[in-house]
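What follows is the content of input10.cif, which has mmCIF, C-alpha atoms and all ligand atoms:
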data_my_file
#
loop_
_atom_site.label_atom_id
_atom_site.label_comp_id
_atom_site.auth_asym_id
_atom_site.auth_seq_id
_atom_site.Cartn_x
_atom_site.Cartn_y
_atom_site.Cartn_z
CA MET A 1 13.63 23.53 -2.97
CA GLU A 2 14.64 24.21 0.65
CA GLN A 3 16.83 21.61 2.43
CA ILE A 4 14.52 19.24 4.36
CA THR A 5 16.16 17.44 7.29
CA ARG A 6 14.54 14.91 9.57
CA THR A 7 14.15 15.78 13.24
CA THR A 8 12.15 13.73 15.80
CA LEU A 9 10.45 10.33 15.52
CA ILE A 10 6.72 11.00 15.74
CA HIS A 11 5.29 7.54 15.06
CA ALA A 12 6.65 3.97 14.94
CA GLY A 13 4.07 1.79 13.17
CA LYS A 14 4.09 -1.96 12.54
CA ALA A 15 6.48 -1.58 9.58
CA ASN A 16 7.25 2.12 9.11
CA ASN A 17 8.72 4.99 11.14
CA VAL A 18 7.53 8.55 10.62
CA TYR A 19 9.80 11.50 11.40
CA ALA A 20 9.04 15.21 11.58
CA THR A 21 11.30 17.42 9.46
CA THR A 22 12.57 20.97 9.50
CA SER A 23 9.56 21.86 7.32
CA PRO A 24 5.97 21.72 8.65
CA ASP A 25 4.77 20.59 5.19
CA TYR A 26 6.92 17.45 4.90
CA LEU A 27 7.66 14.23 6.80
CA GLU A 28 10.34 11.59 6.42
CA LEU A 29 8.90 8.08 6.06
CA GLU A 30 11.30 5.24 6.85
CA SER A 31 10.57 1.60 5.97
CA SER A 32 11.83 -0.75 8.67
CA ASP A 33 12.89 -4.41 8.66
CA ARG A 34 9.95 -5.26 10.96
CA ILE A 35 7.40 -7.68 9.55
CA SER A 36 4.09 -8.74 11.04
CA ALA A 37 0.95 -10.62 10.06
CA GLY A 38 -2.42 -11.44 11.60
CA ASN A 39 -2.74 -7.91 13.04
CA GLY A 40 0.58 -8.22 14.88
CA ALA A 41 0.04 -11.81 16.13
CA LYS A 42 3.11 -13.03 14.17
CA LYS A 43 6.25 -10.83 14.13
CA ASP A 44 9.84 -11.01 12.95
CA ILE A 45 12.72 -9.00 11.44
CA VAL A 46 13.74 -9.43 7.77
CA SER A 47 17.14 -7.88 7.09
CA ASN A 48 17.24 -5.29 4.31
CA LYS A 49 13.44 -5.40 3.84
CA GLY A 50 13.22 -1.69 4.76
CA ILE A 51 15.63 -0.65 2.02
CA ALA A 52 13.95 -2.90 -0.57
CA ASN A 53 10.44 -1.71 0.29
CA ASN A 54 11.44 1.94 0.24
CA GLN A 55 13.24 1.65 -3.11
CA ILE A 56 10.33 -0.29 -4.69
CA SER A 57 7.71 2.09 -3.25
CA SER A 58 9.65 5.18 -4.37
CA ALA A 59 10.01 3.82 -7.93
CA LEU A 60 6.27 3.04 -8.06
CA PHE A 61 5.21 6.43 -6.66
CA GLN A 62 7.32 8.21 -9.29
CA TYR A 63 5.93 5.98 -12.06
CA LEU A 64 2.32 6.58 -10.92
CA GLU A 65 2.88 10.34 -10.51
CA SER A 66 4.22 10.48 -14.09
CA HIS A 67 0.95 8.82 -15.21
CA GLY A 68 -1.32 11.36 -13.50
CA ILE A 69 -1.88 9.86 -10.02
CA PRO A 70 -1.19 12.46 -7.29
CA THR A 71 1.05 10.96 -4.56
CA HIS A 72 2.81 12.06 -1.39
CA TYR A 73 6.31 11.25 -2.78
CA VAL A 74 8.73 14.21 -2.83
CA CYS A 75 12.33 12.92 -2.94
CA GLU A 76 14.84 10.53 -1.40
CA GLY A 77 15.32 10.73 2.38
CA SER A 78 18.36 10.73 4.63
CA ASN A 79 19.09 7.01 4.11
CA PRO A 80 18.28 4.28 1.53
CA ALA A 81 15.27 3.12 3.57
CA SER A 82 13.58 6.54 3.70
CA LYS A 83 11.84 9.12 1.58
CA ILE A 84 10.54 12.67 2.07
CA VAL A 85 6.75 12.87 1.67
CA LYS A 86 4.09 15.57 1.75
CA LYS A 87 2.38 15.82 5.13
CA ALA A 88 -1.24 14.73 4.72
CA THR A 89 -4.08 13.82 7.05
CA MET A 90 -4.51 10.09 6.59
CA ILE A 91 -7.95 8.84 5.54
CA PRO A 92 -8.64 5.78 7.74
CA LEU A 93 -9.59 3.44 4.90
CA GLU A 94 -7.70 0.52 3.39
CA VAL A 95 -8.55 0.34 -0.29
CA ILE A 96 -8.00 -3.12 -1.72
CA CYS A 97 -7.86 -3.90 -5.41
CA ARG A 98 -8.07 -7.51 -6.60
CA PHE A 99 -7.41 -9.08 -10.01
CA TYR A 100 -7.86 -12.63 -8.69
CA ALA A 101 -9.91 -14.25 -5.93
CA VAL A 102 -7.43 -15.12 -3.16
CA GLY A 103 -6.72 -14.26 0.49
CA SER A 104 -9.49 -12.83 2.64
CA PHE A 105 -11.86 -12.66 -0.37
CA CYS A 106 -11.93 -16.48 -0.53
CA LYS A 107 -12.06 -16.85 3.27
CA ARG A 108 -15.04 -14.47 3.46
CA TYR A 109 -17.11 -16.10 0.73
CA GLY A 110 -15.78 -19.68 0.94
CA CYS A 111 -14.96 -19.60 -2.77
CA GLU A 112 -12.14 -21.35 -4.59
CA LYS A 113 -8.75 -19.62 -5.00
CA GLY A 114 -7.62 -18.36 -8.40
CA LYS A 115 -10.64 -17.01 -10.34
CA LYS A 116 -9.55 -14.01 -12.44
CA PHE A 117 -11.78 -10.93 -12.43
CA ASP A 118 -12.62 -9.15 -15.73
CA THR A 119 -12.01 -5.68 -14.25
CA PRO A 120 -10.07 -4.54 -11.15
CA PHE A 121 -12.32 -5.28 -8.16
CA VAL A 122 -12.10 -2.53 -5.51
CA GLU A 123 -13.26 -2.86 -1.91
CA PHE A 124 -12.83 -0.80 1.25
CA THR A 125 -12.11 -1.60 4.88
CA PHE A 126 -12.36 0.89 7.73
CA LYS A 127 -9.16 1.25 9.82
CA HIS A 128 -10.86 1.14 13.16
CA ASP A 129 -7.94 1.59 15.57
CA ASN A 130 -10.18 1.95 18.60
CA PRO A 131 -8.66 0.09 21.60
CA ASP A 132 -12.09 0.19 23.31
CA ALA A 133 -13.64 -1.81 20.45
CA PRO A 134 -10.91 -4.24 19.32
CA ALA A 135 -13.48 -6.70 17.89
CA LEU A 136 -14.24 -4.13 15.20
CA SER A 137 -10.71 -4.23 13.78
CA ASP A 138 -10.76 -3.11 10.14
CA PRO A 139 -14.31 -4.15 9.11
CA PRO A 140 -15.33 -4.03 5.43
CA ILE A 141 -17.23 -0.79 4.72
CA ASP A 142 -19.44 -0.17 1.69
CA ARG A 143 -19.38 2.88 -0.56
CA LYS A 144 -22.62 4.36 0.82
CA THR A 145 -21.56 3.98 4.47
CA ILE A 146 -18.24 5.84 4.00
CA PRO A 147 -19.79 9.36 3.66
CA LEU A 148 -22.53 8.55 6.22
CA LEU A 149 -19.70 8.15 8.78
CA SER A 150 -17.75 11.14 7.47
CA GLU A 151 -16.76 12.26 10.99
CA LEU A 152 -14.85 8.95 11.31
CA THR A 153 -13.86 8.20 7.70
CA LEU A 154 -12.95 11.83 6.81
CA VAL A 155 -14.56 11.32 3.38
CA SER A 156 -17.46 13.67 2.97
CA ASP A 157 -19.40 12.64 -0.11
CA GLU A 158 -19.94 9.93 -2.72
CA ARG A 159 -17.96 11.95 -5.27
CA GLU A 160 -14.82 11.58 -3.14
CA VAL A 161 -15.47 7.85 -2.67
CA ALA A 162 -15.74 7.56 -6.47
CA LEU A 163 -12.46 9.48 -6.91
CA ILE A 164 -10.62 7.15 -4.49
CA GLU A 165 -12.10 4.15 -6.31
CA TYR A 166 -11.10 5.60 -9.71
CA TYR A 167 -7.50 6.25 -8.54
CA THR A 168 -7.28 2.72 -7.12
CA ALA A 169 -8.50 0.99 -10.29
CA ARG A 170 -6.18 3.18 -12.40
CA VAL A 171 -3.22 2.40 -10.10
CA GLY A 172 -4.15 -1.27 -10.58
CA GLU A 173 -4.03 -1.01 -14.37
CA LEU A 174 -0.75 0.92 -14.31
CA MET A 175 0.88 -1.42 -11.82
CA ARG A 176 -0.18 -4.54 -13.74
CA GLU A 177 1.51 -3.09 -16.86
CA PHE A 178 4.60 -2.21 -14.78
CA TYR A 179 4.91 -5.67 -13.22
CA ILE A 180 4.08 -7.70 -16.37
CA LYS A 181 7.21 -6.17 -17.95
CA LEU A 182 9.19 -7.50 -14.96
CA GLY A 183 7.80 -11.02 -15.36
CA VAL A 184 5.51 -10.61 -12.35
CA ASN A 185 1.76 -11.17 -12.05
CA LEU A 186 0.13 -8.60 -9.73
CA ILE A 187 -2.66 -10.47 -7.91
CA ASP A 188 -3.95 -7.81 -5.50
CA PHE A 189 -2.78 -4.86 -3.41
CA LYS A 190 -3.78 -2.38 -0.73
CA LEU A 191 -3.61 1.44 -0.90
CA GLU A 192 -4.07 4.25 1.59
CA PHE A 193 -4.93 7.85 0.80
CA GLY A 194 -4.49 11.16 2.60
CA ARG A 195 -5.69 14.72 2.29
CA LEU A 196 -3.47 17.78 1.87
CA PRO A 197 -4.36 21.04 3.68
CA SER A 198 -5.80 22.22 0.31
CA GLY A 199 -8.34 19.34 0.51
CA GLU A 200 -6.73 17.43 -2.36
CA ILE A 201 -6.79 13.63 -1.96
CA ILE A 202 -3.44 11.99 -2.71
CA LEU A 203 -1.99 8.46 -2.63
CA CYS A 204 0.07 7.93 0.56
CA ASP A 205 1.63 5.14 2.64
CA GLU A 206 3.62 2.50 0.67
CA ILE A 207 3.27 0.15 -2.30
CA SER A 208 5.63 -2.73 -1.70
CA PRO A 209 5.77 -6.54 -1.43
CA ASP A 210 4.29 -5.99 2.06
CA THR A 211 1.12 -4.56 0.53
CA CYS A 212 0.84 -6.43 -2.80
CA ARG A 213 0.61 -10.08 -3.84
CA LEU A 214 3.23 -10.66 -6.54
CA ILE A 215 3.71 -13.98 -8.33
CA ASP A 216 6.61 -14.91 -10.63
CA LEU A 217 4.99 -15.41 -14.05
CA LYS A 218 7.32 -18.28 -15.00
CA THR A 219 7.57 -20.27 -11.77
CA GLY A 220 4.36 -19.31 -9.93
CA GLU A 221 6.47 -18.53 -6.85
CA SER A 222 5.24 -15.91 -4.33
CA LEU A 223 7.54 -12.87 -4.19
CA ASP A 224 5.75 -10.98 -1.41
CA LYS A 225 4.73 -11.09 2.25
CA ASP A 226 2.79 -14.35 1.68
CA ARG A 227 6.21 -16.04 2.10
CA PHE A 228 6.02 -14.89 5.75
CA ARG A 229 2.23 -15.25 6.23
CA GLU A 230 2.22 -18.81 4.91
CA ASP A 231 5.68 -19.96 6.15
CA LEU A 232 6.95 -20.53 2.60
CA GLY A 233 10.60 -20.04 3.65
CA ASP A 234 13.35 -17.52 2.76
CA VAL A 235 11.16 -14.46 3.37
CA SER A 236 13.81 -11.98 2.17
CA LYS A 237 13.97 -13.63 -1.29
CA GLY A 238 10.71 -12.00 -2.47
CA TYR A 239 11.79 -8.47 -1.47
CA GLU A 240 15.28 -8.91 -2.98
CA GLU A 241 13.97 -10.39 -6.24
CA ILE A 242 11.37 -7.61 -6.77
CA LEU A 243 13.97 -4.94 -5.93
CA LYS A 244 16.44 -6.46 -8.41
CA ARG A 245 13.86 -6.52 -11.23
CA VAL A 246 12.73 -2.94 -10.47
CA CYS A 247 16.35 -1.69 -10.47
CA ASP A 248 17.34 -3.66 -13.63
CA GLN A 249 14.45 -2.47 -15.81
P1 LIG B 1 -6.40 -9.81 1.83
O1 LIG B 1 -6.67 -10.87 0.81
O2 LIG B 1 -5.79 -10.33 3.10
O3 LIG B 1 -7.62 -8.96 2.10
O4 LIG B 1 -5.29 -8.84 1.21
C1 LIG B 1 -5.46 -8.24 -0.05
C2 LIG B 1 -4.23 -7.44 -0.39
O5 LIG B 1 -4.11 -6.31 0.45
C3 LIG B 1 -2.93 -8.22 -0.23
O6 LIG B 1 -2.04 -7.84 -1.27
C4 LIG B 1 -2.35 -7.76 1.07
C5 LIG B 1 -2.89 -6.34 1.19
N1 LIG B 1 -3.19 -5.96 2.59
C6 LIG B 1 -2.33 -5.12 3.26
O7 LIG B 1 -1.33 -4.66 2.70
N2 LIG B 1 -2.62 -4.78 4.55
C7 LIG B 1 -3.72 -5.25 5.20
O8 LIG B 1 -3.94 -4.90 6.38
C8 LIG B 1 -4.61 -6.11 4.48
C9 LIG B 1 -5.84 -6.66 5.15
C10 LIG B 1 -4.30 -6.44 3.18
#
Full structure transcribed into structure tokens:
Amino acid sequence: MEQITRTTLIHAGKANNVYATTSPDYLELESSDRISAGNGAKKDIVSNKGIANNQISSALFQYLESHGIPTHYVCEGSNPASKIVKKATMIPLEVICRFYAVGSFCKRYGCEKGKKFDTPFVEFTFKHDNPDAPALSDPPIDRKTIPLLSELTLVSDEREVALIEYYTARVGELMREFYIKLGVNLIDFKLEFGRLPSGEIILCDEISPDTCRLIDLKTGESLDKDRFREDLGDVSKGYEEILKRVCDQ
């Protein structure tokens, strides 16, 4: 494969930096130490989070790819916090998969925390980054509405919605198996997908303790961004502990 070298910064998001590369088909995605919650209302820096998230995400993308899930992962990047990825047009949906009722699910329905679901429960929110309509930020969107709004969602028919849902549930099963072996209970997670120029839909973005709820099976301790969201103390511990278990396996 040709040598791919990063060039200019093209986007600095809440937690990740995206760089162009010497190839038009690839980007370099760098995980940063920035952390935020409540749509940016609460912010901080967690040292070495970027390296941990990138290493965990890269290991998971390679594991999922080897089990038949197409992903954007290509190879390591120019530093331990970055990877080279395929350039894709991002689909503006957050796809959430839950194994337990917690977080916004309980807030929305006023139900008790902790109920376990029999099968992975998948739901969608629409990433509505429209500064003229901030009140709409990331509303839930149902399966039938996604193709009706195809000019905004970039998903054209129910077949593609079903494919994204299938990939998400399958990623859920695979990740639960992966984490159980590490002594970790995967509670829920969020995925984002993109589309290659060929039209193929692939898994993009990151899969890290920023985007998953991960609980130590023995102690019940949170090992993810909930440590920051809920002021549980020592935020870096979750990232370091997950990285250690992923590397030691
Ligand atoms: P929620 O309970 O707040 O909806 O979150 C469900 C899961 O999705 C949890 O693991 C955190 C993750 N998530 C993100 O990574 N980014 C987001 O913007 C949201 C809303 C959730």
Centre and edges of the stretch 20-28 of chain A box, axis-aligned, 4 Å extra per side, as JSON:
{"center_x": 8.7, "center_y": 16.7, "center_z": 8.2, "size_x": 15.8, "size_y": 18.3, "size_z": 14.7}
*Give the residue list for ligand LIG 1 (chain B) at 10 Å, counting only C-alpha atoms and all ligand atoms, as a ChimeraX atom specification, sorted by chain and then by residue number.*
/A:37-39,94-98,100-108,123-125,127,138-140,186-192,206-214,224-226,229
Could you write out the selected residues, including C-alpha atoms, as a short mmCIF file (atom, residue, chain, number, x, y, z; two decimals), in the coordinates of the input?
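part26.cif, written as the output of this step:
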data_model
loop_
_atom_site.label_atom_id
_atom_site.label_comp_id
_atom_site.auth_asym_id
_atom_site.auth_seq_id
_atom_site.Cartn_x
_atom_site.Cartn_y
_atom_site.Cartn_z
CA ALA A 37 0.95 -10.62 10.06
CA GLY A 38 -2.42 -11.44 11.60
CA ASN A 39 -2.74 -7.91 13.04
CA GLU A 94 -7.70 0.52 3.39
CA VAL A 95 -8.55 0.34 -0.29
CA ILE A 96 -8.00 -3.12 -1.72
CA CYS A 97 -7.86 -3.90 -5.41
CA ARG A 98 -8.07 -7.51 -6.60
CA TYR A 100 -7.86 -12.63 -8.69
CA ALA A 101 -9.91 -14.25 -5.93
CA VAL A 102 -7.43 -15.12 -3.16
CA GLY A 103 -6.72 -14.26 0.49
CA SER A 104 -9.49 -12.83 2.64
CA PHE A 105 -11.86 -12.66 -0.37
CA CYS A 106 -11.93 -16.48 -0.53
CA LYS A 107 -12.06 -16.85 3.27
CA ARG A 108 -15.04 -14.47 3.46
CA GLU A 123 -13.26 -2.86 -1.91
CA PHE A 124 -12.83 -0.80 1.25
CA THR A 125 -12.11 -1.60 4.88
CA LYS A 127 -9.16 1.25 9.82
CA ASP A 138 -10.76 -3.11 10.14
CA PRO A 139 -14.31 -4.15 9.11
CA PRO A 140 -15.33 -4.03 5.43
CA LEU A 186 0.13 -8.60 -9.73
CA ILE A 187 -2.66 -10.47 -7.91
CA ASP A 188 -3.95 -7.81 -5.50
CA PHE A 189 -2.78 -4.86 -3.41
CA LYS A 190 -3.78 -2.38 -0.73
CA LEU A 191 -3.61 1.44 -0.90
CA GLU A 192 -4.07 4.25 1.59
CA GLU A 206 3.62 2.50 0.67
CA ILE A 207 3.27 0.15 -2.30
CA SER A 208 5.63 -2.73 -1.70
CA PRO A 209 5.77 -6.54 -1.43
CA ASP A 210 4.29 -5.99 2.06
CA THR A 211 1.12 -4.56 0.53
CA CYS A 212 0.84 -6.43 -2.80
CA ARG A 213 0.61 -10.08 -3.84
CA LEU A 214 3.23 -10.66 -6.54
CA ASP A 224 5.75 -10.98 -1.41
CA LYS A 225 4.73 -11.09 2.25
CA ASP A 226 2.79 -14.35 1.68
CA ARG A 229 2.23 -15.25 6.23
#
*Using only C-alpha atoms, which of A:Leu27, A:Asn53, A:Glu65, A:Arg245 sits nearest A:Thr8?*
A:Leu27
*Using only C-alpha atoms, pick whichever of A:Lys83, A:Ser156, A:Ile91, A:Glu112 has the shortest atom-to-atom distance to A:Phe126.*
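The closest residue to A:Phe126 is A:Ile91.
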*Two-atom distance - atom CA of A:Ala162, atom CA of A:Ile84 (Å)*: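 Atom CA of A:Ala162 sits 28.1 Å away from atom CA of A:Ile84.
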*Residue with smallest distance to A:Ser137 - pool A:Gly50, A:Gly110, A:Pro92, A:Gly77, counting only C-alpha atoms*: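 Closest candidate: A:Pro92.
Residue nearest A:Gly13, chosen from A:Ser150, A:Asp205, A:Glu158, A:Glu200 and counting only C-alpha atoms: A:Asp205.
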